[in-house]
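Colleague: I am sharing coords_2.cif, which consists of mmCIF, C-alpha atoms:
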data_final
#
loop_
_atom_site.group_PDB
_atom_site.id
_atom_site.type_symbol
_atom_site.label_atom_id
_atom_site.label_comp_id
_atom_site.auth_asym_id
_atom_site.auth_seq_id
_atom_site.Cartn_x
_atom_site.Cartn_y
_atom_site.Cartn_z
ATOM 1 C CA MET A 1 47.299 -32.335 -12.407
ATOM 2 C CA ASN A 2 47.445 -28.619 -11.623
ATOM 3 C CA ASN A 3 43.889 -27.651 -12.527
ATOM 4 C CA PRO A 4 42.170 -25.290 -10.057
ATOM 5 C CA LYS A 5 38.753 -26.301 -11.394
ATOM 6 C CA LEU A 6 39.307 -29.729 -9.863
ATOM 7 C CA GLU A 7 39.295 -28.092 -6.430
ATOM 8 C CA VAL A 8 35.927 -28.192 -4.702
ATOM 9 C CA LEU A 9 34.393 -24.964 -3.481
ATOM 10 C CA THR A 10 35.165 -24.246 0.164
ATOM 11 C CA PRO A 11 34.292 -21.391 2.523
ATOM 12 C CA GLN A 12 37.944 -20.355 2.305
ATOM 13 C CA ASN A 13 38.489 -20.290 -1.464
ATOM 14 C CA SER A 14 35.349 -18.721 -2.919
ATOM 15 C CA GLN A 15 33.356 -15.515 -3.047
ATOM 16 C CA LEU A 16 29.854 -14.707 -4.312
ATOM 17 C CA ILE A 17 28.510 -11.982 -6.562
ATOM 18 C CA ILE A 18 24.762 -11.369 -6.909
ATOM 19 C CA ILE A 19 24.025 -9.402 -10.080
ATOM 20 C CA ASP A 20 20.801 -7.475 -10.710
ATOM 21 C CA HIS A 21 18.274 -9.534 -8.798
ATOM 22 C CA GLN A 22 15.811 -6.677 -9.174
ATOM 23 C CA PRO A 23 12.073 -6.752 -9.948
ATOM 24 C CA GLN A 24 12.112 -5.304 -13.450
ATOM 25 C CA MET A 25 14.855 -7.700 -14.456
ATOM 26 C CA ALA A 26 12.900 -10.627 -12.992
ATOM 27 C CA PHE A 27 9.701 -9.631 -14.812
ATOM 28 C CA ALA A 28 11.255 -10.637 -18.150
ATOM 29 C CA VAL A 29 12.647 -13.983 -16.988
ATOM 30 C CA GLN A 30 11.094 -16.900 -18.854
ATOM 31 C CA SER A 31 13.701 -19.646 -18.407
ATOM 32 C CA ILE A 32 12.694 -20.546 -14.849
ATOM 33 C CA ASP A 33 9.638 -20.023 -12.667
ATOM 34 C CA ARG A 34 10.246 -16.651 -11.047
ATOM 35 C CA GLN A 35 9.176 -17.691 -7.564
ATOM 36 C CA THR A 36 11.569 -20.628 -7.829
ATOM 37 C CA LEU A 37 14.265 -18.229 -8.988
ATOM 38 C CA LYS A 38 13.745 -16.039 -5.928
ATOM 39 C CA ASN A 39 13.668 -19.066 -3.624
ATOM 40 C CA ASN A 40 16.959 -20.294 -5.054
ATOM 41 C CA VAL A 41 18.888 -17.043 -4.928
ATOM 42 C CA VAL A 42 17.706 -16.327 -1.379
ATOM 43 C CA GLY A 43 18.776 -19.842 -0.372
ATOM 44 C CA LEU A 44 22.165 -19.184 -1.955
ATOM 45 C CA ALA A 45 22.471 -15.852 -0.136
ATOM 46 C CA LYS A 46 21.657 -17.512 3.191
ATOM 47 C CA ALA A 47 24.266 -20.176 2.490
ATOM 48 C CA ALA A 48 26.875 -17.487 1.842
ATOM 49 C CA SER A 49 25.963 -15.833 5.135
ATOM 50 C CA VAL A 50 26.235 -19.088 7.100
ATOM 51 C CA PHE A 51 29.716 -19.793 5.732
ATOM 52 C CA ASN A 52 30.912 -16.168 5.877
ATOM 53 C CA ILE A 53 31.474 -16.068 2.122
ATOM 54 C CA PRO A 54 32.515 -12.592 0.949
ATOM 55 C CA THR A 55 29.545 -11.352 -1.061
ATOM 56 C CA THR A 56 29.157 -8.522 -3.559
ATOM 57 C CA ILE A 57 25.714 -7.221 -4.499
ATOM 58 C CA THR A 58 25.497 -5.089 -7.617
ATOM 59 C CA THR A 59 22.536 -3.394 -9.303
ATOM 60 C CA VAL A 60 21.823 -1.578 -12.559
ATOM 61 C CA GLU A 61 19.700 1.543 -13.061
ATOM 62 C CA THR A 62 17.816 1.006 -9.815
ATOM 63 C CA GLU A 63 15.828 4.237 -9.752
ATOM 64 C CA SER A 64 15.212 4.640 -13.482
ATOM 65 C CA PHE A 65 14.343 1.089 -14.510
ATOM 66 C CA SER A 66 15.155 -2.010 -12.490
ATOM 67 C CA GLY A 67 13.917 -1.347 -8.950
ATOM 68 C CA HIS A 68 15.594 -2.414 -5.731
ATOM 69 C CA THR A 69 17.299 -5.730 -5.008
ATOM 70 C CA PHE A 70 14.891 -8.335 -3.650
ATOM 71 C CA PRO A 71 14.389 -7.430 0.015
ATOM 72 C CA GLU A 72 14.769 -11.076 1.006
ATOM 73 C CA ILE A 73 18.360 -10.902 -0.243
ATOM 74 C CA LEU A 74 19.131 -7.595 1.443
ATOM 75 C CA ASP A 75 17.764 -8.902 4.758
ATOM 76 C CA VAL A 76 20.426 -11.625 4.680
ATOM 77 C CA PHE A 77 23.184 -8.995 4.493
ATOM 78 C CA PRO A 78 22.110 -6.072 6.685
ATOM 79 C CA GLY A 79 24.155 -2.941 6.121
ATOM 80 C CA LYS A 80 25.989 -4.254 3.066
ATOM 81 C CA PRO A 81 26.686 -1.583 0.419
ATOM 82 C CA ILE A 82 24.954 -2.034 -2.939
ATOM 83 C CA LEU A 83 27.196 -1.365 -5.929
ATOM 84 C CA GLU A 84 25.127 0.585 -8.477
ATOM 85 C CA ARG A 85 26.076 0.626 -12.167
ATOM 86 C CA THR A 86 25.008 1.959 -15.532
ATOM 87 C CA SER A 87 26.706 -0.753 -17.596
ATOM 88 C CA MET A 88 25.027 -4.064 -18.315
ATOM 89 C CA ASN A 89 28.432 -5.628 -17.669
ATOM 90 C CA SER A 90 29.375 -5.497 -13.992
ATOM 91 C CA TRP A 91 33.043 -5.795 -14.929
ATOM 92 C CA ASP A 92 32.839 -2.305 -16.459
ATOM 93 C CA ASP A 93 32.343 -0.746 -13.012
ATOM 94 C CA GLN A 94 35.530 -0.159 -11.050
ATOM 95 C CA LYS A 95 33.743 -0.588 -7.702
ATOM 96 C CA VAL A 96 32.886 -4.163 -8.657
ATOM 97 C CA ARG A 97 36.437 -4.969 -9.733
ATOM 98 C CA ASP A 98 37.782 -3.483 -6.512
ATOM 99 C CA ALA A 99 35.320 -5.452 -4.369
ATOM 100 C CA LEU A 100 36.244 -8.741 -6.017
ATOM 101 C CA ALA A 101 39.957 -8.015 -5.700
ATOM 102 C CA ALA A 102 39.610 -7.007 -2.040
ATOM 103 C CA ASN A 103 38.058 -10.386 -1.249
ATOM 104 C CA GLY A 104 41.220 -12.063 -2.472
ATOM 105 C CA ARG A 105 39.606 -15.214 -3.850
ATOM 106 C CA LYS A 106 39.764 -16.365 -7.470
ATOM 107 C CA LYS A 107 36.739 -18.663 -7.391
ATOM 108 C CA VAL A 108 33.704 -16.438 -8.025
ATOM 109 C CA VAL A 109 30.234 -17.915 -7.622
ATOM 110 C CA VAL A 110 27.794 -15.922 -9.784
ATOM 111 C CA ALA A 111 24.000 -15.562 -9.676
ATOM 112 C CA GLY A 112 22.425 -12.918 -11.855
ATOM 113 C CA LEU A 113 19.832 -11.599 -14.272
ATOM 114 C CA TRP A 114 19.856 -11.979 -17.188
ATOM 115 C CA THR A 115 21.991 -14.996 -18.005
ATOM 116 C CA GLU A 116 22.547 -14.000 -21.629
ATOM 117 C CA VAL A 117 23.586 -10.427 -20.911
ATOM 118 C CA CYS A 118 24.759 -9.431 -17.437
ATOM 119 C CA ASN A 119 26.037 -12.880 -16.472
ATOM 120 C CA THR A 120 27.744 -13.705 -19.750
ATOM 121 C CA THR A 121 29.557 -10.418 -20.261
ATOM 122 C CA PHE A 122 30.743 -10.344 -16.649
ATOM 123 C CA ALA A 123 31.901 -13.955 -16.758
ATOM 124 C CA LEU A 124 33.845 -13.599 -19.987
ATOM 125 C CA CYS A 125 35.554 -10.374 -18.920
ATOM 126 C CA ALA A 126 36.317 -11.564 -15.393
ATOM 127 C CA MET A 127 37.956 -14.708 -16.770
ATOM 128 C CA LEU A 128 39.844 -12.890 -19.532
ATOM 129 C CA GLU A 129 40.945 -9.743 -17.739
ATOM 130 C CA GLY A 130 40.829 -10.701 -14.063
ATOM 131 C CA ASP A 131 41.958 -14.324 -14.263
ATOM 132 C CA TYR A 132 38.976 -15.362 -12.128
ATOM 133 C CA GLU A 133 37.356 -18.803 -12.126
ATOM 134 C CA ILE A 134 33.615 -18.461 -12.674
ATOM 135 C CA TYR A 135 31.077 -20.813 -11.105
ATOM 136 C CA MET A 136 27.750 -19.916 -12.720
ATOM 137 C CA VAL A 137 24.699 -20.819 -10.602
ATOM 138 C CA ALA A 138 22.286 -21.861 -13.330
ATOM 139 C CA ASP A 139 19.157 -22.144 -11.183
ATOM 140 C CA ALA A 140 19.718 -18.851 -9.335
ATOM 141 C CA SER A 141 19.994 -17.032 -12.663
ATOM 142 C CA GLY A 142 17.461 -16.496 -15.407
ATOM 143 C CA GLY A 143 17.166 -15.489 -19.052
ATOM 144 C CA THR A 144 14.486 -13.904 -21.187
ATOM 145 C CA SER A 145 13.772 -17.313 -22.719
ATOM 146 C CA LYS A 146 14.864 -20.875 -22.066
ATOM 147 C CA GLU A 147 16.908 -20.757 -25.252
ATOM 148 C CA ALA A 148 18.588 -17.512 -24.223
ATOM 149 C CA HIS A 149 19.532 -18.978 -20.839
ATOM 150 C CA ASP A 150 20.644 -22.358 -22.167
ATOM 151 C CA TRP A 151 22.777 -21.018 -25.006
ATOM 152 C CA ALA A 152 24.344 -18.419 -22.744
ATOM 153 C CA MET A 153 25.239 -21.152 -20.264
ATOM 154 C CA GLN A 154 26.783 -23.171 -23.078
ATOM 155 C CA ARG A 155 28.782 -20.176 -24.291
ATOM 156 C CA MET A 156 30.162 -19.573 -20.808
ATOM 157 C CA VAL A 157 30.950 -23.254 -20.264
ATOM 158 C CA GLN A 158 32.805 -23.390 -23.592
ATOM 159 C CA ALA A 159 34.800 -20.354 -22.433
ATOM 160 C CA GLY A 160 35.738 -22.077 -19.175
ATOM 161 C CA ALA A 161 32.989 -21.253 -16.673
ATOM 162 C CA VAL A 162 31.791 -24.053 -14.391
ATOM 163 C CA PRO A 163 27.999 -24.632 -14.233
ATOM 164 C CA VAL A 164 26.567 -25.318 -10.763
ATOM 165 C CA THR A 165 23.270 -25.177 -8.893
ATOM 166 C CA TRP A 166 22.573 -23.315 -5.664
ATOM 167 C CA GLN A 167 22.061 -26.431 -3.541
ATOM 168 C CA GLN A 168 25.231 -27.956 -4.971
ATOM 169 C CA VAL A 169 27.148 -24.887 -3.806
ATOM 170 C CA LEU A 170 25.546 -25.048 -0.343
ATOM 171 C CA LEU A 171 26.447 -28.705 0.151
ATOM 172 C CA GLU A 172 29.916 -28.277 -1.311
ATOM 173 C CA TRP A 173 30.598 -25.559 1.264
ATOM 174 C CA GLN A 174 29.296 -27.850 4.037
ATOM 175 C CA ARG A 175 31.011 -30.984 2.674
ATOM 176 C CA ASP A 176 30.915 -32.990 5.897
ATOM 177 C CA TRP A 177 27.951 -33.332 8.268
ATOM 178 C CA ALA A 178 30.455 -33.718 11.104
ATOM 179 C CA ARG A 179 31.063 -29.971 10.806
ATOM 180 C CA ARG A 180 28.596 -29.205 13.538
ATOM 181 C CA GLU A 181 29.209 -25.467 13.644
ATOM 182 C CA THR A 182 27.189 -25.040 10.434
ATOM 183 C CA TYR A 183 25.074 -28.219 10.568
ATOM 184 C CA ASP A 184 21.911 -26.700 12.041
ATOM 185 C CA ALA A 185 22.038 -23.556 9.907
ATOM 186 C CA VAL A 186 22.453 -25.570 6.713
ATOM 187 C CA GLY A 187 19.597 -27.821 7.780
ATOM 188 C CA ALA A 188 17.396 -24.777 8.306
ATOM 189 C CA ILE A 189 18.169 -23.494 4.790
ATOM 190 C CA VAL A 190 17.402 -26.880 3.282
ATOM 191 C CA LYS A 191 14.088 -27.157 5.132
ATOM 192 C CA GLU A 192 12.970 -23.749 3.904
ATOM 193 C CA HIS A 193 14.361 -23.670 0.366
ATOM 194 C CA SER A 194 15.088 -27.212 -0.873
ATOM 195 C CA GLY A 195 11.605 -28.518 -1.608
ATOM 196 C CA ALA A 196 11.290 -32.286 -1.311
ATOM 197 C CA TYR A 197 14.737 -32.580 0.280
ATOM 198 C CA GLY A 198 13.623 -30.236 3.054
ATOM 199 C CA MET A 199 10.329 -32.078 3.471
ATOM 200 C CA GLY A 200 12.299 -35.303 3.833
ATOM 201 C CA ILE A 201 14.398 -33.805 6.617
ATOM 202 C CA ASP A 202 11.285 -32.652 8.443
ATOM 203 C CA TYR A 203 9.814 -36.143 8.125
ATOM 204 C CA ALA A 204 12.966 -37.876 9.330
ATOM 205 C CA TYR A 205 13.421 -35.542 12.279
ATOM 206 C CA THR A 206 9.831 -35.742 13.504
ATOM 207 C CA MET A 207 8.732 -39.265 12.573
ATOM 208 C CA VAL A 208 11.998 -41.207 12.906
ATOM 209 C CA HIS A 209 13.965 -39.234 15.478
ATOM 210 C CA LYS A 210 10.852 -37.930 17.272
ATOM 211 C CA ALA A 211 12.032 -34.337 17.278
ATOM 212 C CA PRO A 212 9.360 -31.669 17.835
ATOM 213 C CA GLU A 213 7.662 -30.184 14.806
ATOM 214 C CA ARG A 214 8.980 -26.897 13.406
ATOM 215 C CA ALA A 215 5.484 -25.394 13.487
ATOM 216 C CA LYS A 216 4.680 -23.072 16.349
ATOM 217 C CA PRO A 217 2.926 -24.900 19.201
ATOM 218 C CA GLY A 218 -0.796 -24.710 19.784
ATOM 219 C CA HIS A 219 -2.182 -27.024 17.094
ATOM 220 C CA GLU A 220 -4.290 -29.702 18.732
ATOM 221 C CA THR A 221 -4.698 -32.965 16.829
ATOM 222 C CA LEU A 222 -8.221 -34.321 17.214
ATOM 223 C CA ALA A 223 -8.598 -38.091 17.193
ATOM 224 C CA PRO A 224 -10.641 -39.777 14.420
ATOM 225 C CA VAL A 225 -14.369 -40.083 15.066
ATOM 226 C CA ALA A 226 -16.212 -42.556 12.844
ATOM 227 C CA ALA A 227 -19.430 -41.216 11.382
ATOM 228 C CA PRO A 228 -22.474 -43.491 10.938
ATOM 229 C CA VAL A 229 -22.384 -45.462 7.692
ATOM 230 C CA ARG A 230 -25.662 -46.394 6.078
#
Just dump the structure as structure tokens.
Modeller:
Amino acid sequence: MNNPKLEVLTPQNSQLIIIDHQPQMAFAVQSIDRQTLKNNVVGLAKAASVFNIPTTITTVETESFSGHTFPEILDVFPGKPILERTSMNSWDDQKVRDALAANGRKKVVVAGLWTEVCNTTFALCAMLEGDYEIYMVADASGGTSKEAHDWAMQRMVQAGAVPVTWQQVLLEWQRDWARRETYDAVGAIVKEHSGAYGMGIDYAYTMVHKAPERAKPGHETLAPVAAPVR
């Protein structure tokens, strides 16, 4: 079957666009905890950096309304140009179209704010006019309500977009733990951004494999001392 959506994401066939992860846009997000949202998109950005995924960062009305892209994202991509727009739809800006085309990859992983506006309009236009495949990162995007996010995701899925999560994308890019060149870097992302999964890795490394703790040295563990019991 010749269906490109049956191909898994790889570091060679995909690119990433981060749309409007700016403070004023995040203030209105109600579909996901905003600290979780930031954690997830930063984890996704770090994953893209580890696997050398071509990444586009675009913003809307930075100075007049939205504020600057989360600094945690920008720190992952030092020196990368930020593509400023006026349109809610990133596809309406020629710089964005040119950046996507220059990357030469049809699978576009998307994380953005808000799901029901900036993500949806970009996804629909990029699929219709650019013949791109859209992989919408649901948990690195957010809407102004849960309903707004969920229905927008459904609309995009019905139109042909593929719903994914940030950790799914990370592990799909890694695919095989025998790929040692990215093993440690992926492990570091998981420990910092993947919650219980990361805690489990820390436990396994230190308690099972007896690796040193990640914490900086200098913490002395004092042995138990039983107090008198009356």
Colleague: If you take every atom of region 111-114 of chain A that the file lists and fit an axis-aligned box around them with 4 Å extra on each side, what centre and edge lengths come out in Å to one decimal, as AutoDock Vina command-line options?
Modeller:
--center_x 21.9 --center_y -13.6 --center_z -13.4 --size_x 12.2 --size_y 12.0 --size_z 15.5
Colleague: List the residues matched by the PyMOL selection byres ((chain A and resi 64-72) around 7) in the displayed structure as a list of chain:residue names, ordered by chain and then by residue number.
Modeller: A:Asp20, A:His21, A:Gln22, A:Pro23, A:Gln24, A:Met25, A:Val42, A:Val60, A:Glu61, A:Thr62, A:Glu63, A:Ile73, A:Leu74, A:Asp75, A:Val76
Colleague: Tell me which of A:Arg155, A:Lys107, A:His193, A:Lys146 sits closest to Asn40 (chain A), counting only C-alpha atoms.
Modeller: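 Ranking A:Arg155, A:Lys107, A:His193, A:Lys146 by distance to Asn40 (chain A), first place goes to A:His193.
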Colleague: Could you work out how far CA of Ala188 (chain A) lies from CA of Ile17 (chain A), giving the answer in Å with one decimal?
Modeller: 22.5 Å
Colleague: So, counting only C-alpha atoms, which residue among A:Gln154, A:Thr56, A:Ser145, A:Ser194 is closest to Leu171 (chain A)?
Modeller: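 The closest residue to Leu171 (chain A) is A:Ser194.
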Colleague: State, in Å with one decimal place, the distance from CA of Ile82 (chain A) to CA of Glu129 (chain A).
Modeller: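 Between CA of Ile82 (chain A) and CA of Glu129 (chain A) the gap is 23.1 Å.
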Colleague: Could you state the separation of CA of Gln30 (chain A) and CA of Ala111 (chain A) in Å, given to one decimal place?
Modeller: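 Rounded to one decimal, the two atoms are 15.9 Å apart.
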Colleague: Using only C-alpha atoms, which residue out of A:Gly112, A:Pro212, A:Pro4, A:Pro11 lies closest to Asp139 (chain A)?
Modeller: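 That would be A:Gly112, the residue with the smallest distance to Asp139 (chain A).
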Colleague: List the residues sitting within 12 Å of (20.8, -25.5, 9.2) in the file's frame, using only C-alpha atoms, as a list of chain:residue names.
Modeller: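 Protein, DNA and RNA residues close to (20.8, -25.5, 9.2): A:Gly43, A:Lys46, A:Ala47, A:Ser49, A:Val50, A:Phe51, A:Leu170, A:Leu171, A:Gln174, A:Trp177, A:Arg179, A:Arg180, A:Glu181, A:Thr182, A:Tyr183, A:Asp184, A:Ala185, A:Val186, A:Gly187, A:Ala188, A:Ile189, A:Val190, A:Lys191, A:Glu192, A:His193, A:Ser194, A:Gly198, A:Ile201, A:Asp202.
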Colleague: Find the residues near Trp91 (chain A): any atom within 10 Å, counting all atoms listed in the file, skip ones fewer than 5 places away on the same chain, and give them as an MDAnalysis selection string.
Modeller: chainID A and resid 85 96:98 100 118 121:126 129:130
Colleague: Out of A:Thr144, A:Asn103, A:Asn3, A:Gln158, which residue has the shortest atom-to-atom distance to Ala28 (chain A) when counting only C-alpha atoms?
Modeller: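 That would be A:Thr144, the residue with the smallest distance to Ala28 (chain A).
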Colleague: Which residue, A:Val117, A:Ala45, A:Val108, A:Val229, has the smallest gap to Ser87 (chain A) when you use only C-alpha atoms?
Modeller: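 Of the candidates, the smallest distance to Ser87 (chain A) is held by A:Val117.
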Colleague: Counting only C-alpha atoms, which residue out of A:Val169, A:Ala215, A:Ala138, A:Ala148 sits closest to Ala48 (chain A)?
Modeller: A:Val169
Colleague: Could you tell me which residues the PyMOL selection byres ((chain A and resi 156) around 9) grabs in this file, written as a ChimeraX atom specification?
Modeller: /A:119-120,123-124,134,136,151-155,157-163
Colleague: Quick check on the file I pasted: which residues fall under the PyMOL selection byres ((chain A and resi 37) around 10)? Write them as a PDB file with C-alpha atoms, in the frame of the given file.
Modeller:
ATOM      1  CA  HIS A  21      18.274  -9.534  -8.798  1.00  0.00           C
ATOM      2  CA  ALA A  26      12.900 -10.627 -12.992  1.00  0.00           C
ATOM      3  CA  VAL A  29      12.647 -13.983 -16.988  1.00  0.00           C
ATOM      4  CA  SER A  31      13.701 -19.646 -18.407  1.00  0.00           C
ATOM      5  CA  ILE A  32      12.694 -20.546 -14.849  1.00  0.00           C
ATOM      6  CA  ASP A  33       9.638 -20.023 -12.667  1.00  0.00           C
ATOM      7  CA  ARG A  34      10.246 -16.651 -11.047  1.00  0.00           C
ATOM      8  CA  GLN A  35       9.176 -17.691  -7.564  1.00  0.00           C
ATOM      9  CA  THR A  36      11.569 -20.628  -7.829  1.00  0.00           C
ATOM     10  CA  LYS A  38      13.745 -16.039  -5.928  1.00  0.00           C
ATOM     11  CA  ASN A  39      13.668 -19.066  -3.624  1.00  0.00           C
ATOM     12  CA  ASN A  40      16.959 -20.294  -5.054  1.00  0.00           C
ATOM     13  CA  VAL A  41      18.888 -17.043  -4.928  1.00  0.00           C
ATOM     14  CA  VAL A  42      17.706 -16.327  -1.379  1.00  0.00           C
ATOM     15  CA  GLY A  43      18.776 -19.842  -0.372  1.00  0.00           C
ATOM     16  CA  ALA A 138      22.286 -21.861 -13.330  1.00  0.00           C
ATOM     17  CA  ASP A 139      19.157 -22.144 -11.183  1.00  0.00           C
ATOM     18  CA  ALA A 140      19.718 -18.851  -9.335  1.00  0.00           C
ATOM     19  CA  SER A 141      19.994 -17.032 -12.663  1.00  0.00           C
ATOM     20  CA  GLY A 142      17.461 -16.496 -15.407  1.00  0.00           C
TER      21      GLY A 142
END
Colleague: Missing atoms in region 1-19 of chain A: can you complete it with N, CA, C and O atoms, as an mmCIF file, in the frame of the given file?
Modeller:
data_model
loop_
_atom_site.group_PDB
_atom_site.id
_atom_site.type_symbol
_atom_site.label_atom_id
_atom_site.label_comp_id
_atom_site.auth_asym_id
_atom_site.auth_seq_id
_atom_site.Cartn_x
_atom_site.Cartn_y
_atom_site.Cartn_z
ATOM 1 N N MET A 1 47.739 -33.305 -11.410
ATOM 2 C CA MET A 1 47.299 -32.335 -12.407
ATOM 3 C C MET A 1 47.025 -30.997 -11.712
ATOM 4 O O MET A 1 46.269 -30.951 -10.745
ATOM 5 N N ASN A 2 47.630 -29.941 -12.214
ATOM 6 C CA ASN A 2 47.445 -28.619 -11.623
ATOM 7 C C ASN A 2 46.300 -27.904 -12.325
ATOM 8 O O ASN A 2 46.505 -27.090 -13.231
ATOM 9 N N ASN A 3 45.084 -28.246 -11.932
ATOM 10 C CA ASN A 3 43.889 -27.651 -12.527
ATOM 11 C C ASN A 3 43.012 -27.139 -11.398
ATOM 12 O O ASN A 3 42.390 -27.924 -10.691
ATOM 13 N N PRO A 4 42.934 -25.817 -11.196
ATOM 14 C CA PRO A 4 42.170 -25.290 -10.057
ATOM 15 C C PRO A 4 40.690 -25.636 -10.107
ATOM 16 O O PRO A 4 40.021 -25.622 -9.074
ATOM 17 N N LYS A 5 40.165 -25.956 -11.294
ATOM 18 C CA LYS A 5 38.753 -26.301 -11.394
ATOM 19 C C LYS A 5 38.455 -27.682 -10.819
ATOM 20 O O LYS A 5 37.293 -28.041 -10.646
ATOM 21 N N LEU A 6 39.500 -28.448 -10.529
ATOM 22 C CA LEU A 6 39.307 -29.729 -9.863
ATOM 23 C C LEU A 6 39.183 -29.562 -8.355
ATOM 24 O O LEU A 6 38.832 -30.504 -7.657
ATOM 25 N N GLU A 7 39.465 -28.364 -7.856
ATOM 26 C CA GLU A 7 39.295 -28.092 -6.430
ATOM 27 C C GLU A 7 37.821 -27.855 -6.138
ATOM 28 O O GLU A 7 37.141 -27.127 -6.862
ATOM 29 N N VAL A 8 37.317 -28.464 -5.080
ATOM 30 C CA VAL A 8 35.927 -28.192 -4.702
ATOM 31 C C VAL A 8 35.830 -26.800 -4.094
ATOM 32 O O VAL A 8 36.820 -26.228 -3.619
ATOM 33 N N LEU A 9 34.635 -26.249 -4.131
ATOM 34 C CA LEU A 9 34.393 -24.964 -3.481
ATOM 35 C C LEU A 9 34.447 -25.144 -1.966
ATOM 36 O O LEU A 9 33.869 -26.086 -1.423
ATOM 37 N N THR A 10 35.120 -24.240 -1.296
ATOM 38 C CA THR A 10 35.165 -24.246 0.164
ATOM 39 C C THR A 10 34.848 -22.850 0.674
ATOM 40 O O THR A 10 34.923 -21.869 -0.079
ATOM 41 N N PRO A 11 34.525 -22.729 1.959
ATOM 42 C CA PRO A 11 34.292 -21.391 2.523
ATOM 43 C C PRO A 11 35.545 -20.512 2.500
ATOM 44 O O PRO A 11 35.437 -19.296 2.657
ATOM 45 N N GLN A 12 36.695 -21.115 2.286
ATOM 46 C CA GLN A 12 37.944 -20.355 2.305
ATOM 47 C C GLN A 12 38.422 -19.944 0.917
ATOM 48 O O GLN A 12 39.256 -19.035 0.811
ATOM 49 N N ASN A 13 37.914 -20.582 -0.145
ATOM 50 C CA ASN A 13 38.489 -20.290 -1.464
ATOM 51 C C ASN A 13 37.536 -19.600 -2.424
ATOM 52 O O ASN A 13 37.885 -19.372 -3.587
ATOM 53 N N SER A 14 36.330 -19.250 -1.981
ATOM 54 C CA SER A 14 35.349 -18.721 -2.919
ATOM 55 C C SER A 14 34.697 -17.451 -2.408
ATOM 56 O O SER A 14 34.692 -17.157 -1.215
ATOM 57 N N GLN A 15 34.158 -16.694 -3.347
ATOM 58 C CA GLN A 15 33.356 -15.515 -3.047
ATOM 59 C C GLN A 15 32.119 -15.553 -3.936
ATOM 60 O O GLN A 15 32.051 -16.331 -4.891
ATOM 61 N N LEU A 16 31.136 -14.727 -3.603
ATOM 62 C CA LEU A 16 29.854 -14.707 -4.312
ATOM 63 C C LEU A 16 29.571 -13.307 -4.833
ATOM 64 O O LEU A 16 29.835 -12.321 -4.137
ATOM 65 N N ILE A 17 29.052 -13.238 -6.060
ATOM 66 C CA ILE A 17 28.510 -11.982 -6.562
ATOM 67 C C ILE A 17 27.067 -12.209 -7.001
ATOM 68 O O ILE A 17 26.763 -13.193 -7.688
ATOM 69 N N ILE A 18 26.182 -11.337 -6.551
ATOM 70 C CA ILE A 18 24.762 -11.369 -6.909
ATOM 71 C C ILE A 18 24.514 -10.169 -7.810
ATOM 72 O O ILE A 18 24.670 -9.012 -7.389
ATOM 73 N N ILE A 19 24.120 -10.438 -9.056
ATOM 74 C CA ILE A 19 24.025 -9.402 -10.080
ATOM 75 C C ILE A 19 22.564 -9.163 -10.458
ATOM 76 O O ILE A 19 21.883 -10.059 -10.971
#
